[in-house]
Amino acid sequence: MDTDWSLRAEAICAACGGHCCNGACPPLSSERISTILAAGDYSSCIETDGYRRIRTKENGECAMFDAGRCRIHAVKPETCMAGPFTFAVTGKTLEIYLKQESICPLVTHLKADAGMYAKQYQRAVDHITRLVAALPGEEIAIISAIPEPETDLVATIPIRDETP
Ligand code: SF4
Ligand code: SF4
């Protein structure tokens, strides 16, 4: 990610207080689980409840959220890397959504910078595409059924069938 933008985004998210890290339960591919476990002893933060994910603490925060920051920022889950874009899969279509400005101050900054919007959009699509390709269909179905209010559909992308 562009370093200037990355620093700006970190500051904006810190000022926001990690709103989207509340009750996030971000999904994890097997590869991302290995990467996270290689980065530290985080096995107690990972659970399976319909799909493999980061657990939520009793106070509603993501188990990786600590003192206003993500403890695994460099290796965080694919959907966290993709933020403020999010996704659902309907049939053979990948739907990309963007959080509304009312719930995510970062979106206002992205919309004000067309170049950065395009970069983060592409980054989000890359992360989400890899995640969707890595997860079993049952997990994708459960994740896609989770309501994501206050988001807008910004793109639909056909999912290629990789089976020979
Ligand atoms: S992505 Fe948006 S909602 Fe999440 S912490 Fe950053 S500014 Fe807040
Ligand atoms: S893994 Fe990090 S960025 Fe993702 S929801 Fe948890 S605290 Fe937030």
# chains A, B, ... in the order shown; residues from 1 in each chain; ligands from 1
$ select_by_dssp --residues "range 12-160 of chain A" --states "alpha helix (DSSP H)" --output "number ranges by chain"
A: 12-16, 30-39, 78-82, 105-111, 114-134, 137-144
$ residues_near_ligand --ligand "ligand 1" --cutoff "12 Å" --atoms "only C-alpha atoms and all ligand atoms" --output "ChimeraX atom specification"
/A:6-24,61-62,65,68-70,73,79-86,98-110,120,150-151
$ select_by_dssp --residues "range 4-117 of chain A" --states "strand (DSSP E or B)" --output "list in words"
Asn22, Pro27, Ile46, Glu47, Thr48, Arg52, Arg53, Ile54, Thr56, Glu61, Cys62, Phe65, Asp66, Arg69, Cys70, Phe85, Thr86, Phe87, Ala88, Val89, Thr90, Thr93, Leu94, Glu95, Ile96, Tyr97, Leu98 and Lys99 of chain A
$ atom_distance --atom1 "CA of Ala133 in chain A" --atom2 "CA of Pro149 in chain A"
24.6 Å
